[in-house]
$ cat target_6.pdb   # PDB, C-alpha atoms and all ligand atoms
MODEL        1
ATOM      1  CA  MET A  64       0.000   0.000   0.000  1.00  0.00           C
ATOM      2  CA  ILE A  65       1.004   3.587  -0.597  1.00  0.00           C
ATOM      3  CA  ALA A  66      -0.181   6.816   1.060  1.00  0.00           C
ATOM      4  CA  ILE A  67      -0.963   9.960  -0.929  1.00  0.00           C
ATOM      5  CA  SER A  68      -2.702  13.207  -0.029  1.00  0.00           C
ATOM      6  CA  PHE A  69      -5.100  15.476  -1.872  1.00  0.00           C
ATOM      7  CA  SER A  70      -5.779  19.140  -1.346  1.00  0.00           C
ATOM      8  CA  LEU A  71      -9.303  19.709  -2.695  1.00  0.00           C
ATOM      9  CA  LEU A  72     -10.255  23.187  -3.874  1.00  0.00           C
ATOM     10  CA  GLY A  73     -13.608  24.927  -4.368  1.00  0.00           C
ATOM     11  CA  ASP A  74     -16.632  22.855  -3.409  1.00  0.00           C
ATOM     12  CA  LEU A  75     -14.905  19.518  -4.077  1.00  0.00           C
ATOM     13  CA  PRO A  76     -14.646  18.616  -0.349  1.00  0.00           C
ATOM     14  CA  ALA A  77     -18.474  18.713  -0.209  1.00  0.00           C
ATOM     15  CA  LEU A  78     -18.620  15.940  -2.806  1.00  0.00           C
ATOM     16  CA  THR A  79     -16.607  13.501  -0.673  1.00  0.00           C
ATOM     17  CA  GLY A  80     -17.801  11.526   2.315  1.00  0.00           C
ATOM     18  CA  ALA A  81     -16.098  14.017   4.655  1.00  0.00           C
ATOM     19  CA  PRO A  82     -17.100  17.476   3.455  1.00  0.00           C
ATOM     20  CA  GLY A  83     -15.239  19.343   6.212  1.00  0.00           C
ATOM     21  CA  LEU A  84     -11.846  18.090   5.058  1.00  0.00           C
ATOM     22  CA  ARG A  85      -9.889  19.978   2.424  1.00  0.00           C
ATOM     23  CA  HIS A  86      -6.914  17.638   2.776  1.00  0.00           C
ATOM     24  CA  ARG A  87      -7.380  13.905   2.404  1.00  0.00           C
ATOM     25  CA  VAL A  88      -4.824  11.163   2.846  1.00  0.00           C
ATOM     26  CA  LEU A  89      -5.502   7.874   1.103  1.00  0.00           C
ATOM     27  CA  GLY A  90      -3.928   4.465   1.401  1.00  0.00           C
ATOM     28  CA  LEU A  91      -4.077   2.799  -2.003  1.00  0.00           C
ATOM     29  CA  PRO A  92      -2.751  -0.228  -3.835  1.00  0.00           C
ATOM     30  CA  ALA A  93       0.220   0.514  -6.084  1.00  0.00           C
ATOM     31  CA  GLN A  94      -0.617   1.103  -9.784  1.00  0.00           C
ATOM     32  CA  THR A  95      -3.739   3.158  -8.969  1.00  0.00           C
ATOM     33  CA  SER A  96      -4.383   5.996 -11.427  1.00  0.00           C
ATOM     34  CA  VAL A  97      -5.057   9.492 -10.114  1.00  0.00           C
ATOM     35  CA  LYS A  98      -8.565   9.266 -11.660  1.00  0.00           C
ATOM     36  CA  GLU A  99      -9.327   6.045  -9.774  1.00  0.00           C
ATOM     37  CA  ALA A 100      -7.996   7.514  -6.531  1.00  0.00           C
ATOM     38  CA  LEU A 101     -10.129  10.651  -6.803  1.00  0.00           C
ATOM     39  CA  GLU A 102     -13.261   8.811  -7.879  1.00  0.00           C
ATOM     40  CA  ASP A 103     -12.689   6.508  -4.911  1.00  0.00           C
ATOM     41  CA  LEU A 104     -13.137   9.599  -2.734  1.00  0.00           C
ATOM     42  CA  GLY A 105     -16.584  10.082  -4.288  1.00  0.00           C
ATOM     43  CA  ILE A 106     -15.759  12.795  -6.843  1.00  0.00           C
ATOM     44  CA  PRO A 107     -16.769  11.889 -10.426  1.00  0.00           C
ATOM     45  CA  HIS A 108     -14.283  12.871 -13.152  1.00  0.00           C
ATOM     46  CA  THR A 109     -16.855  15.315 -14.591  1.00  0.00           C
ATOM     47  CA  GLU A 110     -16.306  17.600 -11.555  1.00  0.00           C
ATOM     48  CA  MET A 111     -12.519  18.047 -11.758  1.00  0.00           C
ATOM     49  CA  ASP A 112     -10.566  20.107 -14.250  1.00  0.00           C
ATOM     50  CA  LEU A 113      -6.946  20.212 -13.138  1.00  0.00           C
ATOM     51  CA  VAL A 114      -4.729  18.006 -10.963  1.00  0.00           C
ATOM     52  CA  LEU A 115      -1.316  19.335  -9.978  1.00  0.00           C
ATOM     53  CA  LEU A 116       1.584  17.378  -8.535  1.00  0.00           C
ATOM     54  CA  GLY A 117       4.457  19.527  -7.295  1.00  0.00           C
ATOM     55  CA  GLY A 118       2.842  22.455  -9.144  1.00  0.00           C
ATOM     56  CA  LEU A 119       2.744  20.621 -12.490  1.00  0.00           C
ATOM     57  CA  PRO A 120      -0.356  19.147 -14.168  1.00  0.00           C
ATOM     58  CA  VAL A 121      -0.902  15.405 -14.521  1.00  0.00           C
ATOM     59  CA  GLY A 122      -3.388  13.487 -16.707  1.00  0.00           C
ATOM     60  CA  TRP A 123      -6.088  11.061 -15.572  1.00  0.00           C
ATOM     61  CA  ALA A 124      -3.912   8.026 -16.304  1.00  0.00           C
ATOM     62  CA  HIS A 125      -1.039   9.235 -14.128  1.00  0.00           C
ATOM     63  CA  ARG A 126      -0.079   6.516 -11.600  1.00  0.00           C
ATOM     64  CA  VAL A 127       0.082   7.711  -8.024  1.00  0.00           C
ATOM     65  CA  ARG A 128       3.241   7.065  -6.004  1.00  0.00           C
ATOM     66  CA  ASP A 129       3.869   6.921  -2.293  1.00  0.00           C
ATOM     67  CA  ALA A 130       3.935  10.318  -0.528  1.00  0.00           C
ATOM     68  CA  ASP A 131       2.557  12.210  -3.565  1.00  0.00           C
ATOM     69  CA  ARG A 132       0.663  15.399  -2.701  1.00  0.00           C
ATOM     70  CA  TYR A 133      -1.892  16.551  -5.255  1.00  0.00           C
ATOM     71  CA  GLU A 134      -3.826  19.776  -5.611  1.00  0.00           C
ATOM     72  CA  VAL A 135      -7.228  19.259  -7.275  1.00  0.00           C
ATOM     73  CA  HIS A 136      -9.190  22.049  -8.958  1.00  0.00           C
ATOM     74  CA  PRO A 137     -12.940  21.944  -9.691  1.00  0.00           C
ATOM     75  CA  VAL A 138     -14.480  22.670 -13.097  1.00  0.00           C
ATOM     76  CA  PRO A 139     -15.063  26.422 -13.461  1.00  0.00           C
ATOM     77  CA  ASP A 140     -18.407  27.731 -14.680  1.00  0.00           C
ATOM     78  CA  ALA A 141     -18.225  27.989 -18.467  1.00  0.00           C
ATOM     79  CA  THR A 142     -18.823  31.759 -18.324  1.00  0.00           C
ATOM     80  CA  ALA A 143     -15.798  32.231 -16.074  1.00  0.00           C
ATOM     81  CA  ASP A 144     -13.818  29.860 -18.259  1.00  0.00           C
ATOM     82  CA  ARG A 145     -14.592  31.875 -21.381  1.00  0.00           C
ATOM     83  CA  ASN A 146     -13.545  35.155 -19.793  1.00  0.00           C
ATOM     84  CA  ALA A 147     -10.610  34.119 -17.676  1.00  0.00           C
ATOM     85  CA  ASP A 148      -7.007  33.503 -18.481  1.00  0.00           C
ATOM     86  CA  LEU A 149      -6.848  30.051 -16.921  1.00  0.00           C
ATOM     87  CA  PRO A 150      -3.465  28.655 -15.948  1.00  0.00           C
ATOM     88  CA  TRP A 151      -2.529  25.343 -17.586  1.00  0.00           C
ATOM     89  CA  LEU A 152      -5.236  25.622 -20.211  1.00  0.00           C
ATOM     90  CA  GLN A 153      -3.674  22.858 -22.326  1.00  0.00           C
ATOM     91  CA  ALA A 154      -3.611  20.471 -19.374  1.00  0.00           C
ATOM     92  CA  ARG A 155      -7.238  20.909 -18.329  1.00  0.00           C
ATOM     93  CA  LEU A 156      -9.069  17.618 -17.919  1.00  0.00           C
ATOM     94  CA  GLN A 157     -12.538  18.583 -19.153  1.00  0.00           C
ATOM     95  CA  PRO A 158     -13.193  18.735 -22.908  1.00  0.00           C
ATOM     96  CA  ARG A 159     -13.302  22.338 -24.236  1.00  0.00           C
ATOM     97  CA  PRO A 160     -15.394  24.283 -24.816  1.00  0.00           C
ATOM     98  CA  LEU A 161     -17.158  23.756 -21.496  1.00  0.00           C
ATOM     99  CA  ALA A 162     -20.339  25.240 -22.972  1.00  0.00           C
ATOM    100  CA  ARG A 163     -22.994  22.712 -24.079  1.00  0.00           C
ATOM    101  CA  GLU A 164     -26.584  23.016 -25.248  1.00  0.00           C
ATOM    102  CA  ARG A 165     -27.592  19.352 -25.399  1.00  0.00           C
ATOM    103  CA  PHE A 166     -28.276  17.219 -22.349  1.00  0.00           C
ATOM    104  CA  VAL A 167     -29.457  13.898 -21.080  1.00  0.00           C
ATOM    105  CA  CYS A 168     -30.992  13.754 -17.601  1.00  0.00           C
ATOM    106  CA  ASP A 169     -30.895  10.705 -15.332  1.00  0.00           C
ATOM    107  CA  ARG A 170     -34.184   8.955 -14.648  1.00  0.00           C
ATOM    108  CA  HIS A 171     -34.816  10.831 -11.382  1.00  0.00           C
ATOM    109  CA  LEU A 172     -34.672  14.242 -13.035  1.00  0.00           C
ATOM    110  CA  GLY A 173     -37.890  14.356 -15.042  1.00  0.00           C
ATOM    111  CA  ARG A 174     -38.851  17.775 -13.702  1.00  0.00           C
ATOM    112  CA  LEU A 175     -35.469  19.246 -14.630  1.00  0.00           C
ATOM    113  CA  ALA A 176     -35.697  17.699 -18.126  1.00  0.00           C
ATOM    114  CA  ARG A 177     -39.099  19.332 -18.697  1.00  0.00           C
ATOM    115  CA  LEU A 178     -37.846  22.673 -17.413  1.00  0.00           C
ATOM    116  CA  LEU A 179     -34.732  22.641 -19.629  1.00  0.00           C
ATOM    117  CA  ARG A 180     -36.909  21.816 -22.642  1.00  0.00           C
ATOM    118  CA  MET A 181     -39.188  24.731 -21.760  1.00  0.00           C
ATOM    119  CA  LEU A 182     -36.062  26.918 -21.746  1.00  0.00           C
ATOM    120  CA  GLY A 183     -35.359  25.700 -25.277  1.00  0.00           C
ATOM    121  CA  PHE A 184     -32.610  23.118 -24.647  1.00  0.00           C
ATOM    122  CA  ASP A 185     -32.472  19.758 -26.387  1.00  0.00           C
ATOM    123  CA  THR A 186     -32.835  17.393 -23.403  1.00  0.00           C
ATOM    124  CA  LEU A 187     -33.328  13.632 -23.441  1.00  0.00           C
ATOM    125  CA  TYR A 188     -34.942  11.799 -20.556  1.00  0.00           C
ATOM    126  CA  GLY A 189     -36.658   8.493 -19.928  1.00  0.00           C
ATOM    127  CA  ASN A 190     -37.954   7.383 -16.526  1.00  0.00           C
ATOM    128  CA  ASP A 191     -36.934   3.796 -17.282  1.00  0.00           C
ATOM    129  CA  TRP A 192     -33.506   4.432 -18.821  1.00  0.00           C
ATOM    130  CA  SER A 193     -30.618   2.518 -17.312  1.00  0.00           C
ATOM    131  CA  GLU A 194     -27.346   4.254 -16.518  1.00  0.00           C
ATOM    132  CA  ALA A 195     -25.725   2.412 -19.431  1.00  0.00           C
ATOM    133  CA  GLU A 196     -28.395   3.725 -21.843  1.00  0.00           C
ATOM    134  CA  ILE A 197     -27.942   7.283 -20.561  1.00  0.00           C
ATOM    135  CA  ALA A 198     -24.157   7.079 -20.974  1.00  0.00           C
ATOM    136  CA  ARG A 199     -24.598   5.710 -24.511  1.00  0.00           C
ATOM    137  CA  ALA A 200     -27.019   8.500 -25.489  1.00  0.00           C
ATOM    138  CA  ALA A 201     -24.544  11.062 -24.158  1.00  0.00           C
ATOM    139  CA  ALA A 202     -21.623   9.594 -26.092  1.00  0.00           C
ATOM    140  CA  ARG A 203     -23.666   9.222 -29.291  1.00  0.00           C
ATOM    141  CA  ASP A 204     -24.835  12.864 -29.469  1.00  0.00           C
ATOM    142  CA  GLY A 205     -22.129  14.664 -27.466  1.00  0.00           C
ATOM    143  CA  ARG A 206     -24.588  15.450 -24.676  1.00  0.00           C
ATOM    144  CA  ALA A 207     -23.694  16.464 -21.143  1.00  0.00           C
ATOM    145  CA  VAL A 208     -25.134  14.116 -18.509  1.00  0.00           C
ATOM    146  CA  LEU A 209     -27.044  15.760 -15.664  1.00  0.00           C
ATOM    147  CA  SER A 210     -27.341  13.582 -12.604  1.00  0.00           C
ATOM    148  CA  CYS A 211     -27.372  13.246  -8.833  1.00  0.00           C
ATOM    149  CA  SER A 212     -25.715   9.829  -9.205  1.00  0.00           C
ATOM    150  CA  ARG A 213     -21.965   9.650  -8.736  1.00  0.00           C
ATOM    151  CA  GLN A 214     -21.863   6.148 -10.211  1.00  0.00           C
ATOM    152  CA  LEU A 215     -23.401   7.313 -13.492  1.00  0.00           C
ATOM    153  CA  LEU A 216     -20.963  10.218 -13.841  1.00  0.00           C
ATOM    154  CA  LYS A 217     -17.968   7.992 -13.071  1.00  0.00           C
ATOM    155  CA  ARG A 218     -18.653   5.932 -16.205  1.00  0.00           C
ATOM    156  CA  ARG A 219     -15.914   6.144 -18.782  1.00  0.00           C
ATOM    157  CA  ALA A 220     -18.406   6.877 -21.605  1.00  0.00           C
ATOM    158  CA  VAL A 221     -19.494  10.088 -19.861  1.00  0.00           C
ATOM    159  CA  ALA A 222     -17.212  12.811 -21.235  1.00  0.00           C
ATOM    160  CA  ALA A 223     -19.096  15.841 -19.898  1.00  0.00           C
ATOM    161  CA  GLY A 224     -21.642  16.207 -17.148  1.00  0.00           C
ATOM    162  CA  ARG A 225     -22.641  17.804 -13.916  1.00  0.00           C
ATOM    163  CA  LEU A 226     -23.242  16.274 -10.523  1.00  0.00           C
ATOM    164  CA  LEU A 227     -26.155  18.437  -9.429  1.00  0.00           C
ATOM    165  CA  ARG A 228     -25.648  19.926  -5.996  1.00  0.00           C
ATOM    166  CA  ALA A 229     -29.173  21.340  -5.517  1.00  0.00           C
ATOM    167  CA  ARG A 230     -32.372  19.351  -4.943  1.00  0.00           C
ATOM    168  CA  ASP A 231     -34.774  22.142  -5.950  1.00  0.00           C
ATOM    169  CA  VAL A 232     -35.497  22.032  -9.694  1.00  0.00           C
ATOM    170  CA  ASP A 233     -35.163  25.787 -10.382  1.00  0.00           C
ATOM    171  CA  THR A 234     -31.843  25.878  -8.516  1.00  0.00           C
ATOM    172  CA  GLN A 235     -30.697  22.850 -10.523  1.00  0.00           C
ATOM    173  CA  ALA A 236     -31.533  24.732 -13.735  1.00  0.00           C
ATOM    174  CA  VAL A 237     -29.495  27.710 -12.495  1.00  0.00           C
ATOM    175  CA  GLU A 238     -26.551  25.348 -11.894  1.00  0.00           C
ATOM    176  CA  VAL A 239     -26.863  24.047 -15.451  1.00  0.00           C
ATOM    177  CA  ILE A 240     -27.141  27.552 -16.958  1.00  0.00           C
ATOM    178  CA  ARG A 241     -23.983  28.660 -15.132  1.00  0.00           C
ATOM    179  CA  ARG A 242     -21.936  25.534 -15.652  1.00  0.00           C
ATOM    180  CA  PHE A 243     -22.660  25.300 -19.394  1.00  0.00           C
ATOM    181  CA  ASP A 244     -22.816  29.028 -20.255  1.00  0.00           C
ATOM    182  CA  LEU A 245     -26.446  29.015 -21.368  1.00  0.00           C
ATOM    183  CA  ALA A 246     -27.610  32.455 -20.234  1.00  0.00           C
ATOM    184  CA  GLY A 247     -27.469  33.894 -23.745  1.00  0.00           C
ATOM    185  CA  HIS A 248     -29.182  30.895 -25.334  1.00  0.00           C
ATOM    186  CA  VAL A 249     -32.437  30.586 -23.425  1.00  0.00           C
ATOM    187  CA  ASN A 250     -35.324  30.383 -25.888  1.00  0.00           C
ATOM    188  CA  PRO A 251     -38.539  29.878 -23.915  1.00  0.00           C
ATOM    189  CA  PHE A 252     -41.280  27.739 -25.437  1.00  0.00           C
ATOM    190  CA  ALA A 253     -39.207  26.542 -28.382  1.00  0.00           C
ATOM    191  CA  ARG A 254     -39.538  22.894 -27.295  1.00  0.00           C
ATOM    192  CA  CYS A 255     -42.210  20.591 -25.981  1.00  0.00           C
ATOM    193  CA  GLY A 256     -41.731  19.843 -22.285  1.00  0.00           C
ATOM    194  CA  LEU A 257     -43.339  16.429 -22.751  1.00  0.00           C
ATOM    195  CA  CYS A 258     -41.274  14.975 -25.597  1.00  0.00           C
ATOM    196  CA  ASN A 259     -38.427  17.405 -26.506  1.00  0.00           C
ATOM    197  CA  GLY A 260     -40.001  18.016 -29.965  1.00  0.00           C
ATOM    198  CA  LEU A 261     -39.829  21.478 -31.536  1.00  0.00           C
ATOM    199  CA  LEU A 262     -42.850  23.783 -31.204  1.00  0.00           C
ATOM    200  CA  ARG A 263     -44.164  25.766 -34.159  1.00  0.00           C
ATOM    201  CA  PRO A 264     -46.748  28.568 -34.114  1.00  0.00           C
ATOM    202  CA  VAL A 265     -50.105  27.617 -35.643  1.00  0.00           C
ATOM    203  CA  PRO A 266     -53.030  29.830 -36.677  1.00  0.00           C
ATOM    204  CA  LYS A 267     -55.907  29.841 -34.232  1.00  0.00           C
ATOM    205  CA  SER A 268     -58.289  28.678 -36.960  1.00  0.00           C
ATOM    206  CA  ASP A 269     -56.279  25.435 -37.391  1.00  0.00           C
ATOM    207  CA  VAL A 270     -56.590  24.370 -33.767  1.00  0.00           C
ATOM    208  CA  ALA A 271     -59.718  26.134 -32.513  1.00  0.00           C
ATOM    209  CA  VAL A 272     -61.679  22.898 -32.113  1.00  0.00           C
ATOM    210  CA  ARG A 273     -59.061  21.611 -29.662  1.00  0.00           C
ATOM    211  CA  VAL A 274     -59.208  24.694 -27.421  1.00  0.00           C
ATOM    212  CA  PRO A 275     -61.722  25.057 -24.572  1.00  0.00           C
ATOM    213  CA  LEU A 276     -64.360  27.649 -25.438  1.00  0.00           C
ATOM    214  CA  ARG A 277     -63.425  29.974 -22.608  1.00  0.00           C
ATOM    215  CA  THR A 278     -59.764  30.084 -23.740  1.00  0.00           C
ATOM    216  CA  ARG A 279     -60.716  30.429 -27.391  1.00  0.00           C
ATOM    217  CA  SER A 280     -62.498  33.698 -26.663  1.00  0.00           C
ATOM    218  CA  TRP A 281     -59.367  35.597 -25.573  1.00  0.00           C
ATOM    219  CA  CYS A 282     -56.208  33.634 -26.531  1.00  0.00           C
ATOM    220  CA  GLU A 283     -54.556  34.345 -29.901  1.00  0.00           C
ATOM    221  CA  ARG A 284     -51.188  32.562 -29.844  1.00  0.00           C
ATOM    222  CA  PHE A 285     -50.949  28.790 -30.238  1.00  0.00           C
ATOM    223  CA  PHE A 286     -48.051  26.372 -30.657  1.00  0.00           C
ATOM    224  CA  LEU A 287     -48.054  22.772 -31.763  1.00  0.00           C
ATOM    225  CA  CYS A 288     -45.417  20.145 -30.971  1.00  0.00           C
ATOM    226  CA  GLU A 289     -44.087  18.757 -34.240  1.00  0.00           C
ATOM    227  CA  ARG A 290     -43.421  15.392 -32.646  1.00  0.00           C
ATOM    228  CA  CYS A 291     -46.297  14.565 -30.270  1.00  0.00           C
ATOM    229  CA  ASP A 292     -48.903  17.061 -31.506  1.00  0.00           C
ATOM    230  CA  HIS A 293     -49.451  18.501 -28.027  1.00  0.00           C
ATOM    231  CA  LEU A 294     -51.081  21.928 -28.237  1.00  0.00           C
ATOM    232  CA  TYR A 295     -49.797  24.878 -26.182  1.00  0.00           C
ATOM    233  CA  TRP A 296     -51.283  28.332 -25.860  1.00  0.00           C
ATOM    234  CA  GLU A 297     -50.173  31.532 -24.199  1.00  0.00           C
ATOM    235  CA  GLY A 298     -52.330  31.481 -21.116  1.00  0.00           C
ATOM    236  CA  THR A 299     -51.799  32.709 -17.575  1.00  0.00           C
ATOM    237  CA  HIS A 300     -49.405  29.807 -16.886  1.00  0.00           C
ATOM    238  CA  VAL A 301     -47.080  31.217 -19.574  1.00  0.00           C
ATOM    239  CA  GLN A 302     -46.873  34.539 -17.745  1.00  0.00           C
ATOM    240  CA  LYS A 303     -46.024  32.650 -14.543  1.00  0.00           C
ATOM    241  CA  MET A 304     -43.399  30.666 -16.429  1.00  0.00           C
ATOM    242  CA  ARG A 305     -41.848  33.872 -17.792  1.00  0.00           C
ATOM    243  CA  GLU A 306     -41.593  35.243 -14.252  1.00  0.00           C
ATOM    244  CA  ARG A 307     -40.011  32.007 -13.086  1.00  0.00           C
ATOM    245  CA  ILE A 308     -37.471  32.136 -15.938  1.00  0.00           C
ATOM    246  CA  ALA A 309     -36.645  35.796 -15.164  1.00  0.00           C
ATOM    247  CA  SER A 310     -35.933  34.887 -11.563  1.00  0.00           C
ATOM    248  CA  MET A 311     -33.714  31.957 -12.613  1.00  0.00           C
ATOM    249  CA  MET A 312     -31.776  34.181 -15.028  1.00  0.00           C
ATOM    250  CA  ALA A 313     -31.247  36.796 -12.310  1.00  0.00           C
ATOM    251  CA  GLU A 314     -29.933  34.068  -9.990  1.00  0.00           C
ATOM    252  CA  ALA A 315     -27.669  32.644 -12.719  1.00  0.00           C
ATOM    253  CA  GLY A 316     -26.136  36.073 -13.366  1.00  0.00           C
ATOM    254  CA  ARG A 317     -25.389  36.681  -9.690  1.00  0.00           C
TER     255      ARG A 317
HETATM  256 ZN    ZN B 401     -44.227  16.980 -27.790  1.00  0.00          ZN
ENDMDL
END
$ encode --input "target_6.pdb" --output "structure tokens"
Amino acid sequence: MIAISFSLLGDLPALTGAPGLRHRVLGLPAQTSVKEALEDLGIPHTEMDLVLLGGLPVGWAHRVRDADRYEVHPVPDATADRNADLPWLQARLQPRPLARERFVCDRHLGRLARLLRMLGFDTLYGNDWSEAEIARAAARDGRAVLSCSRQLLKRRAVAAGRLLRARDVDTQAVEVIRRFDLAGHVNPFARCGLCNGLLRPVPKSDVAVRVPLRTRSWCERFFLCERCDHLYWEGTHVQKMRERIASMMAEAGR
């Protein structure tokens, strides 16, 4: 066995089993990679961007040696990443650019998937999808995986993702907007919350028979999902949704 220590920066300590500790010492079998050692602590590779040994960067495959002391940096928000002059840019561990607009949510995040679709983002979700299926969908389309499951995000096939810290769905969306630099790309009501299909405006006369009489008398704007044919109209719930989005955007810009 060998003993190594990690100095964890940012909110990384909170992702381990002992959130109060910034410095962790591990006893490990020889031949362990730095990625295996860090994921053993509970931190998926999607959450770390730079590992330094003696002030110099190492890659995921680097084999740890006895008495090594590593400094581990979290993934910056994509907005900060775009604006900042990051040290060791070439040695960063996350694929660049950090910004993404396509996602796949794990099977516990149905509410987040619907919300991201309502914000206009291409988001896959199935309440019966296995972790292997989610990882495959992510790899196939270059999607970032959004999850509360460390095991899912530790999978090799997951190149980009986010371990969601919040439990509240609006706060989760704010995390996603910040992490993937989406503030300038929000396009409310471009997608169907139910199936991820694109919405297109339709004339009232085309859909009038499907609209309750009371709504038909005052509502003029209608949208149809191209995939599942669900009909949306700009009712009072849309105004509430706009207010909710405004509050999320304000939080994301803070
Ligand atoms: Zn639909």
$ residues_near_ligand --input "target_6.pdb" --ligand "ligand ZN 401 (chain B)" --cutoff "12 Å" --atoms "all atoms listed in the file" --output "NGL selection string"
:A and (177 or 180-181 or 252-263 or 286-295)
$ residues_around --input "target_6.pdb" --residues "Leu216 of chain A" --least-positions-apart "3" --cutoff "7 Å" --atoms "all atoms listed in the file" --output "ChimeraX atom specification"
/A:107,109,212-213,221,224
$ resolve_selection --input "target_6.pdb" --expression "the PyMOL selection byres (((chain A and resi 154) around 8) and not hetatm)" --output "list of chain:residue names"
A:Leu113, A:Pro120, A:Val121, A:Gly122, A:Trp151, A:Leu152, A:Gln153, A:Arg155, A:Leu156
$ closest_residue --input "target_6.pdb" --among "A:Gln235, A:Thr278, A:Ser70, A:Gln214" --to "Trp296 of chain A" --atoms "all atoms listed in the file"
A:Thr278
$ resolve_selection --input "target_6.pdb" --expression "the PyMOL selection byres (((chain A and resi 236) around 9) and not hetatm)" --output "ChimeraX atom specification"
/A:175,178-179,231-235,237-241,311,315
$ residues_around --input "target_6.pdb" --residues "Asp191 of chain A" --least-positions-apart "4" --cutoff "12 Å" --atoms "all atoms listed in the file" --output "list in words"
Cys168, Asp169, Arg170, His171, Leu172, Gly173, Ala195, Glu196 and Ile197 of chain A
$ residues_around --input "target_6.pdb" --residues "Ala222 of chain A" --least-positions-apart "5" --cutoff "10 Å" --atoms "all atoms listed in the file" --output "mmCIF file with C-alpha atoms, in the frame of the given file"
data_model
loop_
_atom_site.group_PDB
_atom_site.id
_atom_site.type_symbol
_atom_site.label_atom_id
_atom_site.label_comp_id
_atom_site.auth_asym_id
_atom_site.auth_seq_id
_atom_site.Cartn_x
_atom_site.Cartn_y
_atom_site.Cartn_z
ATOM 1 C CA HIS A 108 -14.283 12.871 -13.152
ATOM 2 C CA THR A 109 -16.855 15.315 -14.591
ATOM 3 C CA GLN A 157 -12.538 18.583 -19.153
ATOM 4 C CA PRO A 158 -13.193 18.735 -22.908
ATOM 5 C CA ALA A 198 -24.157 7.079 -20.974
ATOM 6 C CA ALA A 201 -24.544 11.062 -24.158
ATOM 7 C CA ALA A 202 -21.623 9.594 -26.092
ATOM 8 C CA GLY A 205 -22.129 14.664 -27.466
ATOM 9 C CA ARG A 206 -24.588 15.450 -24.676
ATOM 10 C CA ALA A 207 -23.694 16.464 -21.143
ATOM 11 C CA VAL A 208 -25.134 14.116 -18.509
ATOM 12 C CA LEU A 216 -20.963 10.218 -13.841
ATOM 13 C CA LYS A 217 -17.968 7.992 -13.071
#
$ closest_residue --input "target_6.pdb" --among "A:Leu215, A:Val301, A:Ala271, A:Pro251" --to "Trp192 of chain A" --atoms "only C-alpha atoms"
A:Leu215
$ atom_distance --input "target_6.pdb" --atom1 "atom CA of Val167 of chain A" --atom2 "atom CA of Arg230 of chain A"
17.3 Å
$ closest_residue --input "target_6.pdb" --among "A:His300, A:Arg305, A:Arg163, A:Arg132" --to "Phe184 of chain A" --atoms "all atoms listed in the file"
A:Arg163
$ closest_residue --input "target_6.pdb" --among "A:Gly298, A:Trp123, A:Glu306, A:Asp140" --to "Arg277 of chain A" --atoms "only C-alpha atoms"
A:Gly298
$ atom_distance --input "target_6.pdb" --atom1 "atom CA of Asp74 of chain A" --atom2 "atom CA of Leu227 of chain A"
12.1 Å
$ atom_distance --input "target_6.pdb" --atom1 "atom CA of Gly73 of chain A" --atom2 "atom CA of Ala229 of chain A"
16.0 Å
$ axis_aligned_box --input "target_6.pdb" --around "segment 273-290 of chain A" --padding-each-side "4 Å" --output "lines of an AutoDock Vina configuration file"
center_x = -53.9
center_y = 25.5
center_z = -28.4
size_x = 28.9
size_y = 28.2
size_z = 19.6
$ resolve_selection --input "target_6.pdb" --expression "the PyMOL selection byres (((chain A and resi 283) around 10) and not hetatm)" --output "CSV table (one decimal) with C-alpha atoms, keeping the file's coordinate frame"
chain,number,residue,atom,x,y,z
A,265,VAL,CA,-50.1,27.6,-35.6
A,266,PRO,CA,-53.0,29.8,-36.7
A,267,LYS,CA,-55.9,29.8,-34.2
A,268,SER,CA,-58.3,28.7,-37.0
A,278,THR,CA,-59.8,30.1,-23.7
A,279,ARG,CA,-60.7,30.4,-27.4
A,280,SER,CA,-62.5,33.7,-26.7
A,281,TRP,CA,-59.4,35.6,-25.6
A,282,CYS,CA,-56.2,33.6,-26.5
A,284,ARG,CA,-51.2,32.6,-29.8
A,285,PHE,CA,-50.9,28.8,-30.2
A,296,TRP,CA,-51.3,28.3,-25.9
A,297,GLU,CA,-50.2,31.5,-24.2
A,298,GLY,CA,-52.3,31.5,-21.1
$ residues_near_point --input "target_6.pdb" --point "(-8.9, 8.6, -2.5)" --cutoff "10 Å" --atoms "all atoms listed in the file" --output "list in words"
Ala66, Ile67, Ser68, Phe69, Thr79, Arg87, Val88, Leu89, Gly90, Leu91, Thr95, Val97, Lys98, Glu99, Ala100, Leu101, Glu102, Asp103, Leu104, Gly105 and Ile106 of chain A
$ closest_residue --input "target_6.pdb" --among "A:Leu161, A:Met64, A:Leu72, A:Ala77" --to "Arg128 of chain A" --atoms "all atoms listed in the file"
A:Met64
$ closest_residue --input "target_6.pdb" --among "A:Arg203, A:Ala246, A:Pro264, A:Leu75" --to "Ala313 of chain A" --atoms "all atoms listed in the file"
A:Ala246
$ build_atoms --input "target_6.pdb" --residues "segment 122-126 of chain A" --atoms "N, CA and C atoms" --output "mmCIF file, in the coordinates of the input"
data_model
loop_
_atom_site.group_PDB
_atom_site.id
_atom_site.type_symbol
_atom_site.label_atom_id
_atom_site.label_comp_id
_atom_site.auth_asym_id
_atom_site.auth_seq_id
_atom_site.Cartn_x
_atom_site.Cartn_y
_atom_site.Cartn_z
ATOM 1 N N GLY A 122 -2.185 13.975 -16.025
ATOM 2 C CA GLY A 122 -3.388 13.487 -16.707
ATOM 3 C C GLY A 122 -4.100 12.447 -15.862
ATOM 4 N N TRP A 123 -5.284 12.038 -16.325
ATOM 5 C CA TRP A 123 -6.088 11.061 -15.572
ATOM 6 C C TRP A 123 -5.352 9.741 -15.374
ATOM 7 N N ALA A 124 -4.530 9.355 -16.363
ATOM 8 C CA ALA A 124 -3.912 8.026 -16.304
ATOM 9 C C ALA A 124 -2.670 7.992 -15.419
ATOM 10 N N HIS A 125 -2.243 9.162 -14.962
ATOM 11 C CA HIS A 125 -1.039 9.235 -14.128
ATOM 12 C C HIS A 125 -1.133 8.271 -12.933
ATOM 13 N N ARG A 126 -0.086 7.472 -12.717
ATOM 14 C CA ARG A 126 -0.079 6.516 -11.600
ATOM 15 C C ARG A 126 0.420 7.198 -10.331
#
